[in-house]
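To keep things clear, I will list the structure first and then write my remarks on it.
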Amino acid sequence: MNWFLNNLSTVGHLTWLHLLQSVLPVVLGTLVSIPIARFAAGRRARGAGRATGRAGGRRRGNGRVRRGVVVNAAALLYTIPSLALFVLLPLILGTSITSLVNVIVALTLYVVAMMVRACVDAFESVSPAVLDAATSMGYRPLRSFFGIELPLSVPVMAAGLRVALVSNISMVSVGAVIGIQSLGTLFTDGLRRDLMAEIVVGILATVLLALVLDRVITWGAAAMTRWQVRS
Amino acid sequence: MPETASNAIEFVGVTKRYASSVAVEELDLAIPAGLITAFVGPSGCGKTTSLRMINRMVEPTEGSILIQGEDNRSRPAYELRRSMGYVMQQAGLMPHRSVADNIATVPRLQGASRADGRSRALELMDTVGLDRKLAKRYPAQLSGGQAQRVGVARALAADSPILLMDEPFSAVDPVVRTDLQQELVRLHEQLERTIVFVTHDIDEAVALGHRIAVFAEGGRIAQFGTPEEILRAPADDFVASFVGRDRGLRRLTFASGRELPLHPLADLADQAGRPWAPWELLVNDAGRPAGWRFRDREVTGGTLFAPGGSLREALDAVPLALRVGVAVDAEGRASGLLASDDVLAAAGRERRSRYGVAE
């Protein structure tokens, strides 16, 4: 406890850096994932689907292949070890080895790996009949996407977002091994100086951060999906 | 009903081919303005495809479709769609928009302000018989019948002379369906739009359509005409089997029951030995029939014959065990008795007058 109070400003600063390195990649990764996922999900229910099945929006052969290729290619990114990526990225990007940019880029890739699948699922959760209705009333594709498809995919997307964010918060710590500042620094530093208190503070701060951000997403999603009836 | 002034929609040699099948072949059809035209037929006969070609949700392979004389490809598809109402099977409401916002969809797409859209939506809720209190609800909070009314209101908001309906009432329960059908007839009389209505239910087509197009396999039109023509003189075996064996009974839908004599309610009391003797009619405080008492048992409900009813409704109102039915006035109060003999005789006369023969 004493250690914590004496180092309040350091812990605060590290928490801020940790927050930056975990939230920014989630935002960037999601923005990258949405168009990729929309492409992978393919055209759904634009009348053509009625040809074979009356349900509408039935997936055609090449659409299924495209979805598989894109989702699996994205998921493959996740198999690259994070430490390897942190070391490798400076060589590719020309950044210094302790730069925050390395962590942000690396974690963005992981978020893409997770969110592409989540977003594809989210788009597929939207009823083709609703999209069909939108088109039949005279919605043009762009307006239909932003006005209907995207808002309706929020519930499933938020679920993916929570997983991505929490796993990011734990992964940011790894950067501390190569000297990138975050709450993980408390682990490496505490280990080196044999300071148990410092390690415990690091663990608690990380858990607290994860809990708070998870709540924020849940509340945010609930506010955006009041139309879902929870009876 | 207004008689045919001109054609609102015209199919000219329209064919729709998919890779492996022909959905619609060489369709020529003129849909009269201001009337309800029902597309009816078994599933997979191309009636929905034909409907969806009108607003270009499906593009024809060959031929063209004229809307008020103008090719429907002469303007962008989205503009065409905004210019005609479309009601679909499951209402197809936007789950994330309130009832009012759903109804205001097309005005908003056309650039109306939020306030204008909202006031228009409230007006239309009155038109289709929805309580204004529902305006802020989300579709998931509505019953099936309410959702379908919202769907109709949304289609009306397009303020277009043409309304397309794709099996709009097939997903709601039969009681609500009858309600909605009557509502549609009322709306049509009030608004006089051209309505194209797809259904697989010949009864619905007969009840609603001023014209019926019977679709056969492969998108061929087996017969096009008024409901009476189709029931009286089916063009071929397909139409005959589709409209069904009991079409004699259906035809009674067109015969008025106005001529039927009404016997005084008092007749029920002193007719010892009559089939209805053990039955006692129950009437509530408002004078409305509530049911029958048979010895110690009360049987509630039962079909009643309302003013303006058809012979078929009169037939439905007369239980065979009783041989009498109850007629009500416009307020729903019991006003007299129908005798089954009278109803059957009237049905027989109707048949003879139409065909000059007794069956």
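To be explicit about the labels: the chains of the structure tokens are called A, B, and onward in the order shown, and within each one the residues are counted from 1, while ligands get numbers from 1 in the order they are shown.
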
Tell me the residues of chain B close to chain A, meaning within 9 Å using only C-alpha atoms, as a PyMOL selection string. chain B and resi 18+21+23+44+49+52+55-58+77-88+90-98+105-106+109+137-141+155+158

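The residue that comes closest to Val283 in chain B, out of B:Leu252, B:Ser335, B:Val243, B:Pro174 and on the basis of only C-alpha atoms, is B:Ser335.
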
Distance in Å - CA of Ala216 in chain B versus CA of Val152 in chain B: 27.9 Å

Closest contacts (range 77-168 of chain A/range 205-221 of chain A, max 7 Å, only C-alpha atoms) as a tab-separated table:
```
residue	atom	partner	partner_atom	distance
A:Val154	CA	A:Ala221	CA	6.8
A:Pro155	CA	A:Ala221	CA	6.6
A:Ala158	CA	A:Ala221	CA	6.3
A:Arg162	CA	A:Asp214	CA	5.9
A:Val166	CA	A:Ala210	CA	5.6
```

Would you export the selected residues with N, CA and C atoms as an mmCIF file, in the first residue's frame, please?
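Result file follows (result-v2.cif):
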```cif
data_model
loop_
_atom_site.group_PDB
_atom_site.id
_atom_site.type_symbol
_atom_site.label_atom_id
_atom_site.label_comp_id
_atom_site.auth_asym_id
_atom_site.auth_seq_id
_atom_site.Cartn_x
_atom_site.Cartn_y
_atom_site.Cartn_z
ATOM 1 N N VAL A 154 -24.651 -3.870 -34.249
ATOM 2 C CA VAL A 154 -23.968 -3.468 -33.015
ATOM 3 C C VAL A 154 -23.975 -4.544 -31.920
ATOM 4 N N PRO A 155 -25.115 -5.220 -31.663
ATOM 5 C CA PRO A 155 -25.097 -6.178 -30.545
ATOM 6 C C PRO A 155 -24.026 -7.263 -30.692
ATOM 7 N N ALA A 158 -20.467 -5.727 -30.555
ATOM 8 C CA ALA A 158 -20.040 -5.334 -29.206
ATOM 9 C C ALA A 158 -19.491 -6.535 -28.446
ATOM 10 N N ARG A 162 -15.673 -6.645 -26.832
ATOM 11 C CA ARG A 162 -15.308 -6.885 -25.429
ATOM 12 C C ARG A 162 -14.157 -7.874 -25.338
ATOM 13 N N VAL A 166 -10.371 -6.798 -23.856
ATOM 14 C CA VAL A 166 -9.814 -7.434 -22.659
ATOM 15 C C VAL A 166 -8.520 -8.176 -22.998
#
```

With a distance cut-off of 12 Å and only C-alpha atoms, select the neighbouring residues of Ala135 in chain B, excluding the residue or stretch itself and same-chain residues fewer than 4 positions from it, and output the selection as a PyMOL selection string. chain B and resi 97-104+118-126+130-131+139+141-142+146-147+150+153

Could you write out the selected residues, including N, CA and C atoms, as a JSON list (two decimals), in the first residue's frame?
```
[["chain", "number", "residue", "atom", "x", "y", "z"],
["B", 97, "ARG", "N", -35.74, 1.27, -35.28],
["B", 97, "ARG", "CA", -36.43, 2.56, -35.41],
["B", 97, "ARG", "C", -37.81, 2.46, -34.75],
["B", 98, "SER", "N", -38.24, 3.55, -34.16],
["B", 98, "SER", "CA", -39.55, 3.56, -33.53],
["B", 98, "SER", "C", -40.63, 3.44, -34.61],
["B", 99, "VAL", "N", -41.84, 3.17, -34.17],
["B", 99, "VAL", "CA", -42.97, 3.03, -35.09],
["B", 99, "VAL", "C", -43.08, 4.28, -35.98],
["B", 100, "ALA", "N", -43.03, 5.46, -35.33],
["B", 100, "ALA", "CA", -43.18, 6.70, -36.10],
["B", 100, "ALA", "C", -42.05, 6.84, -37.13],
["B", 101, "ASP", "N", -40.83, 6.54, -36.71],
["B", 101, "ASP", "CA", -39.70, 6.65, -37.64],
["B", 101, "ASP", "C", -39.82, 5.66, -38.78],
["B", 102, "ASN", "N", -40.32, 4.46, -38.48],
["B", 102, "ASN", "CA", -40.52, 3.48, -39.54],
["B", 102, "ASN", "C", -41.51, 3.99, -40.58],
["B", 103, "ILE", "N", -42.61, 4.55, -40.10],
["B", 103, "ILE", "CA", -43.64, 5.02, -41.03],
["B", 103, "ILE", "C", -43.09, 6.18, -41.87],
["B", 104, "ALA", "N", -42.24, 7.00, -41.24],
["B", 104, "ALA", "CA", -41.74, 8.19, -41.93],
["B", 104, "ALA", "C", -40.56, 7.88, -42.85],
["B", 118, "ARG", "N", -42.57, 13.10, -38.77],
["B", 118, "ARG", "CA", -43.27, 12.64, -37.58],
["B", 118, "ARG", "C", -44.76, 12.96, -37.63],
["B", 119, "SER", "N", -45.09, 14.17, -38.05],
["B", 119, "SER", "CA", -46.52, 14.51, -38.06],
["B", 119, "SER", "C", -47.24, 13.71, -39.14],
["B", 120, "ARG", "N", -46.55, 13.47, -40.24],
["B", 120, "ARG", "CA", -47.13, 12.61, -41.29],
["B", 120, "ARG", "C", -47.36, 11.21, -40.75],
["B", 121, "ALA", "N", -46.40, 10.71, -39.98],
["B", 121, "ALA", "CA", -46.51, 9.36, -39.43],
["B", 121, "ALA", "C", -47.71, 9.26, -38.50],
["B", 122, "LEU", "N", -47.91, 10.29, -37.67],
["B", 122, "LEU", "CA", -49.04, 10.25, -36.73],
["B", 122, "LEU", "C", -50.37, 10.25, -37.48],
["B", 123, "GLU", "N", -50.45, 11.06, -38.54],
["B", 123, "GLU", "CA", -51.67, 11.06, -39.35],
["B", 123, "GLU", "C", -51.95, 9.66, -39.89],
["B", 124, "LEU", "N", -50.89, 9.04, -40.42],
["B", 124, "LEU", "CA", -51.07, 7.73, -41.04],
["B", 124, "LEU", "C", -51.43, 6.67, -40.01],
["B", 125, "MET", "N", -50.96, 6.85, -38.77],
["B", 125, "MET", "CA", -51.34, 5.90, -37.73],
["B", 125, "MET", "C", -52.85, 5.94, -37.53],
["B", 126, "ASP", "N", -53.41, 7.15, -37.58],
["B", 126, "ASP", "CA", -54.88, 7.26, -37.50],
["B", 126, "ASP", "C", -55.52, 6.54, -38.67],
["B", 130, "LEU", "N", -54.14, 2.72, -35.90],
["B", 130, "LEU", "CA", -53.17, 2.43, -34.83],
["B", 130, "LEU", "C", -53.25, 3.54, -33.78],
["B", 131, "ASP", "N", -53.19, 3.15, -32.54],
["B", 131, "ASP", "CA", -53.20, 4.11, -31.44],
["B", 131, "ASP", "C", -51.91, 4.96, -31.51],
["B", 139, "PRO", "N", -40.49, -1.95, -33.00],
["B", 139, "PRO", "CA", -41.25, -3.04, -33.61],
["B", 139, "PRO", "C", -41.33, -4.30, -32.75],
["B", 141, "GLN", "N", -41.87, -4.54, -29.82],
["B", 141, "GLN", "CA", -42.88, -4.41, -28.77],
["B", 141, "GLN", "C", -44.30, -4.44, -29.33],
["B", 142, "LEU", "N", -44.44, -4.78, -30.62],
["B", 142, "LEU", "CA", -45.77, -4.77, -31.25],
["B", 142, "LEU", "C", -46.26, -6.20, -31.45],
["B", 146, "GLN", "N", -50.38, -5.44, -35.25],
["B", 146, "GLN", "CA", -49.95, -4.04, -35.17],
["B", 146, "GLN", "C", -48.77, -3.80, -36.11],
["B", 147, "ALA", "N", -47.82, -4.73, -36.11],
["B", 147, "ALA", "CA", -46.64, -4.57, -36.97],
["B", 147, "ALA", "C", -47.07, -4.48, -38.43],
["B", 150, "VAL", "N", -48.40, -1.14, -39.19],
["B", 150, "VAL", "CA", -47.31, -0.19, -39.36],
["B", 150, "VAL", "C", -46.73, -0.34, -40.77],
["B", 153, "ALA", "N", -49.00, 1.40, -43.10],
["B", 153, "ALA", "CA", -48.87, 2.85, -42.94],
["B", 153, "ALA", "C", -47.59, 3.34, -43.62]]
```

Surrounding residues of Gly309 in chain B excluding itself and chain neighbours under 3 positions, 7 Å, only C-alpha atoms, as an MDAnalysis selection string: chainID B and resid 256:257 305:306 313:314

Would you list, as a PyMOL selection string, the residues of range 57-276 of chain B that end up in helix (DSSP H, G or I) under DSSP run on this structure's backbone? chain B and resi 77-82+99-103+105-109+114-127+132-136+139-141+144-156+174-191+202-208+227-232+237-243+247-254+265-268

Take the residues that were just selected and, keeping C-alpha atoms, output them as a tab-separated table (two decimals), in the first residue's frame.
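Written file, part_3.tsv:
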```tsv
chain	number	residue	atom	x	y	z
B	77	ALA	CA	-34.48	2.18	-59.33
B	78	TYR	CA	-34.32	3.88	-55.94
B	79	GLU	CA	-36.51	6.73	-57.18
B	80	LEU	CA	-39.01	4.32	-58.66
B	81	ARG	CA	-39.17	2.38	-55.36
B	82	ARG	CA	-39.72	5.53	-53.32
B	99	VAL	CA	-42.97	3.03	-35.09
B	100	ALA	CA	-43.18	6.70	-36.10
B	101	ASP	CA	-39.70	6.65	-37.64
B	102	ASN	CA	-40.52	3.48	-39.54
B	103	ILE	CA	-43.64	5.02	-41.03
B	105	THR	CA	-39.03	6.24	-43.78
B	106	VAL	CA	-39.92	7.24	-47.32
B	107	PRO	CA	-40.73	10.92	-46.57
B	108	ARG	CA	-37.36	11.13	-44.79
B	109	LEU	CA	-35.60	9.52	-47.76
B	114	ARG	CA	-37.80	15.06	-38.88
B	115	ALA	CA	-40.80	17.06	-37.63
B	116	ASP	CA	-42.68	16.79	-40.92
B	117	GLY	CA	-42.00	13.07	-41.09
B	118	ARG	CA	-43.27	12.64	-37.58
B	119	SER	CA	-46.52	14.51	-38.06
B	120	ARG	CA	-47.13	12.61	-41.29
B	121	ALA	CA	-46.51	9.36	-39.43
B	122	LEU	CA	-49.04	10.25	-36.73
B	123	GLU	CA	-51.67	11.06	-39.35
B	124	LEU	CA	-51.07	7.73	-41.04
B	125	MET	CA	-51.34	5.90	-37.73
B	126	ASP	CA	-54.88	7.26	-37.50
B	127	THR	CA	-55.53	6.20	-41.08
B	132	ARG	CA	-50.91	7.16	-31.48
B	133	LYS	CA	-49.52	6.00	-28.15
B	134	LEU	CA	-47.61	3.33	-30.04
B	135	ALA	CA	-45.58	5.91	-31.96
B	136	LYS	CA	-42.51	5.63	-29.75
B	139	PRO	CA	-41.25	-3.04	-33.61
B	140	ALA	CA	-40.29	-5.82	-31.17
B	141	GLN	CA	-42.88	-4.41	-28.77
B	144	GLY	CA	-48.11	-9.22	-35.36
B	145	GLY	CA	-51.26	-7.40	-36.39
B	146	GLN	CA	-49.95	-4.04	-35.17
B	147	ALA	CA	-46.64	-4.57	-36.97
B	148	GLN	CA	-48.49	-5.32	-40.19
B	149	ARG	CA	-50.54	-2.13	-39.80
B	150	VAL	CA	-47.31	-0.19	-39.36
B	151	GLY	CA	-46.09	-1.86	-42.55
B	152	VAL	CA	-49.19	-0.67	-44.38
B	153	ALA	CA	-48.87	2.85	-42.94
B	154	ARG	CA	-45.25	2.97	-44.06
B	155	ALA	CA	-46.26	1.97	-47.57
B	156	LEU	CA	-48.98	4.63	-47.62
B	174	PRO	CA	-56.80	-15.79	-38.95
B	175	VAL	CA	-58.80	-13.44	-36.70
B	176	VAL	CA	-56.34	-10.57	-37.13
B	177	ARG	CA	-56.08	-11.39	-40.82
B	178	THR	CA	-59.81	-10.86	-41.33
B	179	ASP	CA	-59.51	-7.54	-39.49
B	180	LEU	CA	-56.64	-6.42	-41.68
B	181	GLN	CA	-58.41	-7.50	-44.85
B	182	GLN	CA	-61.47	-5.44	-43.95
B	183	GLU	CA	-59.21	-2.54	-43.07
B	184	LEU	CA	-57.55	-2.79	-46.47
B	185	VAL	CA	-60.90	-2.73	-48.26
B	186	ARG	CA	-61.89	0.33	-46.22
B	187	LEU	CA	-58.55	2.04	-46.94
B	188	HIS	CA	-58.92	1.31	-50.61
B	189	GLU	CA	-62.39	2.84	-50.74
B	190	GLN	CA	-61.05	5.89	-48.95
B	191	LEU	CA	-57.80	6.35	-50.86
B	202	ILE	CA	-57.89	-17.98	-53.21
B	203	ASP	CA	-60.36	-16.96	-50.49
B	204	GLU	CA	-58.30	-13.88	-49.74
B	205	ALA	CA	-58.04	-13.09	-53.44
B	206	VAL	CA	-61.82	-13.39	-53.82
B	207	ALA	CA	-62.48	-11.30	-50.73
B	208	LEU	CA	-60.16	-8.45	-51.67
B	227	PRO	CA	-63.55	-12.96	-59.01
B	228	GLU	CA	-67.02	-13.85	-60.22
B	229	GLU	CA	-65.84	-14.73	-63.71
B	230	ILE	CA	-63.11	-16.93	-62.32
B	231	LEU	CA	-65.38	-18.78	-59.91
B	232	ARG	CA	-68.21	-19.14	-62.40
B	237	ASP	CA	-58.76	-27.56	-65.31
B	238	PHE	CA	-55.89	-25.91	-63.49
B	239	VAL	CA	-57.97	-22.89	-62.50
B	240	ALA	CA	-60.93	-25.09	-61.65
B	241	SER	CA	-58.88	-27.26	-59.32
B	242	PHE	CA	-57.14	-24.25	-57.82
B	243	VAL	CA	-60.30	-22.37	-56.97
B	247	ARG	CA	-66.61	-22.78	-55.28
B	248	GLY	CA	-70.41	-22.99	-55.33
B	249	LEU	CA	-70.29	-22.06	-51.68
B	250	ARG	CA	-67.80	-19.27	-52.33
B	251	ARG	CA	-70.02	-17.88	-55.02
B	252	LEU	CA	-72.66	-17.25	-52.39
B	253	THR	CA	-70.26	-14.58	-51.14
B	254	PHE	CA	-71.53	-12.44	-54.01
B	265	LEU	CA	-86.99	-13.15	-31.62
B	266	ALA	CA	-90.12	-14.10	-29.71
B	267	ASP	CA	-90.53	-17.11	-32.03
B	268	LEU	CA	-87.83	-18.82	-30.01
```

If you count only C-alpha atoms, which residues fall within 10 Å of Ser173 in chain A, apart from same-chain ones fewer than 6 positions away, as a PDB file with N, CA, C and O atoms, in the first residue's frame?
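To be explicit, this is the file written out as around.pdb:
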```pdb
ATOM      1  N   HIS A  18      -0.899   2.520 -20.753  1.00  0.00           N
ATOM      2  CA  HIS A  18      -1.513   1.213 -20.963  1.00  0.00           C
ATOM      3  C   HIS A  18      -2.859   1.359 -21.693  1.00  0.00           C
ATOM      4  O   HIS A  18      -3.166   0.639 -22.630  1.00  0.00           O
ATOM      5  N   GLN A  21      -2.328   2.239 -25.315  1.00  0.00           N
ATOM      6  CA  GLN A  21      -1.869   1.109 -26.135  1.00  0.00           C
ATOM      7  C   GLN A  21      -2.916   0.028 -26.306  1.00  0.00           C
ATOM      8  O   GLN A  21      -2.815  -0.809 -27.200  1.00  0.00           O
ATOM      9  N   SER A  22      -3.921   0.001 -25.419  1.00  0.00           N
ATOM     10  CA  SER A  22      -4.942  -1.038 -25.602  1.00  0.00           C
ATOM     11  C   SER A  22      -6.177  -0.522 -26.331  1.00  0.00           C
ATOM     12  O   SER A  22      -6.766  -1.232 -27.139  1.00  0.00           O
ATOM     13  N   VAL A 103       3.759  -1.282 -30.521  1.00  0.00           N
ATOM     14  CA  VAL A 103       2.706  -2.007 -29.806  1.00  0.00           C
ATOM     15  C   VAL A 103       1.351  -1.728 -30.452  1.00  0.00           C
ATOM     16  O   VAL A 103       0.546  -2.637 -30.666  1.00  0.00           O
ATOM     17  N   ILE A 180       8.979  -1.222 -23.536  1.00  0.00           N
ATOM     18  CA  ILE A 180       7.917  -0.271 -23.871  1.00  0.00           C
ATOM     19  C   ILE A 180       7.060  -0.065 -22.628  1.00  0.00           C
ATOM     20  O   ILE A 180       6.587  -1.021 -22.023  1.00  0.00           O
ATOM     21  N   GLN A 181       6.900   1.216 -22.225  1.00  0.00           N
ATOM     22  CA  GLN A 181       6.249   1.518 -20.964  1.00  0.00           C
ATOM     23  C   GLN A 181       4.753   1.209 -20.969  1.00  0.00           C
ATOM     24  O   GLN A 181       4.027   1.601 -21.893  1.00  0.00           O
ATOM     25  N   SER A 182       4.312   0.493 -19.921  1.00  0.00           N
ATOM     26  CA  SER A 182       2.894   0.244 -19.687  1.00  0.00           C
ATOM     27  C   SER A 182       2.788  -0.275 -18.266  1.00  0.00           C
ATOM     28  O   SER A 182       3.779  -0.313 -17.536  1.00  0.00           O
ATOM     29  N   LEU A 183       1.620  -0.704 -17.853  1.00  0.00           N
ATOM     30  CA  LEU A 183       1.487  -1.300 -16.520  1.00  0.00           C
ATOM     31  C   LEU A 183       2.374  -2.539 -16.400  1.00  0.00           C
ATOM     32  O   LEU A 183       2.759  -2.933 -15.307  1.00  0.00           O
ATOM     33  N   GLY A 184       2.703  -3.140 -17.514  1.00  0.00           N
ATOM     34  CA  GLY A 184       3.598  -4.286 -17.526  1.00  0.00           C
ATOM     35  C   GLY A 184       4.964  -3.945 -16.964  1.00  0.00           C
ATOM     36  O   GLY A 184       5.684  -4.812 -16.438  1.00  0.00           O
ATOM     37  N   THR A 185       5.332  -2.668 -17.082  1.00  0.00           N
ATOM     38  CA  THR A 185       6.612  -2.224 -16.548  1.00  0.00           C
ATOM     39  C   THR A 185       6.707  -2.520 -15.049  1.00  0.00           C
ATOM     40  O   THR A 185       7.784  -2.812 -14.522  1.00  0.00           O
ATOM     41  N   LEU A 186       5.551  -2.449 -14.360  1.00  0.00           N
ATOM     42  CA  LEU A 186       5.534  -2.736 -12.925  1.00  0.00           C
ATOM     43  C   LEU A 186       5.934  -4.190 -12.658  1.00  0.00           C
ATOM     44  O   LEU A 186       6.548  -4.495 -11.643  1.00  0.00           O
ATOM     45  N   PHE A 187       5.573  -5.106 -13.608  1.00  0.00           N
ATOM     46  CA  PHE A 187       5.960  -6.518 -13.424  1.00  0.00           C
ATOM     47  C   PHE A 187       7.469  -6.678 -13.593  1.00  0.00           C
ATOM     48  O   PHE A 187       8.152  -7.251 -12.757  1.00  0.00           O
ATOM     49  N   THR A 188       8.006  -6.167 -14.703  1.00  0.00           N
ATOM     50  CA  THR A 188       9.443  -6.350 -14.977  1.00  0.00           C
ATOM     51  C   THR A 188      10.278  -5.646 -13.915  1.00  0.00           C
ATOM     52  O   THR A 188      11.242  -6.204 -13.397  1.00  0.00           O
ATOM     53  N   GLY A 202       0.569  -3.783 -10.049  1.00  0.00           N
ATOM     54  CA  GLY A 202       0.460  -3.952 -11.508  1.00  0.00           C
ATOM     55  C   GLY A 202      -0.700  -4.847 -11.885  1.00  0.00           C
ATOM     56  O   GLY A 202      -1.494  -4.534 -12.781  1.00  0.00           O
ATOM     57  N   THR A 206      -4.197  -3.612 -13.748  1.00  0.00           N
ATOM     58  CA  THR A 206      -4.568  -4.194 -15.039  1.00  0.00           C
ATOM     59  C   THR A 206      -5.989  -4.751 -14.992  1.00  0.00           C
ATOM     60  O   THR A 206      -6.803  -4.504 -15.888  1.00  0.00           O
TER      61      THR A 206
END
```

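Counting only C-alpha atoms, the residue from A:Asp121, A:Val101, A:Phe4, A:Leu93 that sits nearest to Leu195 in chain A is A:Phe4.
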
Interatomic distance between CA of Pro161 in chain B and CA of Gly225 in chain B? 21.7 Å

Backbone-only DSSP, strand (DSSP E) members of range 14-188 of chain B, as a compact mmCIF listing (two decimals) with C-alpha atoms, in the first residue's frame:
```txt
# COMPACT_ATOMS: atom_id res chain seq x y z
CA VAL B 14 -42.07 -9.93 -69.65
CA THR B 15 -39.86 -12.96 -69.12
CA LYS B 16 -37.64 -13.67 -66.15
CA ARG B 17 -35.15 -16.49 -66.56
CA VAL B 22 -37.94 -19.83 -65.94
CA ALA B 23 -39.82 -17.91 -63.29
CA VAL B 24 -42.06 -15.86 -65.53
CA GLU B 25 -42.64 -16.42 -69.23
CA GLU B 26 -43.98 -13.97 -71.82
CA LEU B 27 -46.23 -12.19 -69.35
CA ASP B 28 -48.70 -9.72 -70.82
CA LEU B 29 -50.96 -8.17 -68.24
CA ALA B 30 -52.67 -4.84 -67.80
CA ILE B 31 -53.45 -3.87 -64.21
CA PRO B 32 -56.33 -1.40 -64.04
CA ILE B 36 -57.22 -4.09 -56.18
CA THR B 37 -55.67 -6.75 -58.39
CA ALA B 38 -54.77 -10.02 -56.70
CA PHE B 39 -52.00 -12.28 -58.00
CA VAL B 40 -52.91 -15.74 -56.83
CA GLU B 62 -36.91 -9.66 -71.49
CA GLY B 63 -39.83 -7.33 -72.05
CA SER B 64 -40.76 -4.19 -70.21
CA ILE B 65 -43.09 -2.93 -67.54
CA LEU B 66 -44.94 0.33 -67.99
CA ILE B 67 -46.00 2.37 -64.97
CA GLU B 70 -43.82 5.02 -68.74
CA ASP B 71 -41.11 2.34 -68.80
CA GLY B 85 -45.57 1.65 -51.42
CA TYR B 86 -44.40 -1.85 -50.66
CA VAL B 87 -45.76 -4.11 -47.92
CA ILE B 162 -49.55 2.41 -56.48
CA LEU B 163 -49.29 0.00 -53.57
CA LEU B 164 -47.55 -3.37 -53.86
CA MET B 165 -48.34 -6.03 -51.26
CA ASP B 166 -46.50 -9.33 -51.05
```

For range 84-90 of chain A, work out the shell of residues within 7 Å, counting only C-alpha atoms and skipping chain neighbours fewer than 4 positions away, then give it as a list of chain:residue names.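 Neighbouring residues, sequence-local ones excluded: A:Ile80, A:Gly94, A:Thr95, A:Ser96, A:Ile97, A:Asn102, A:Val103, A:Ala106.
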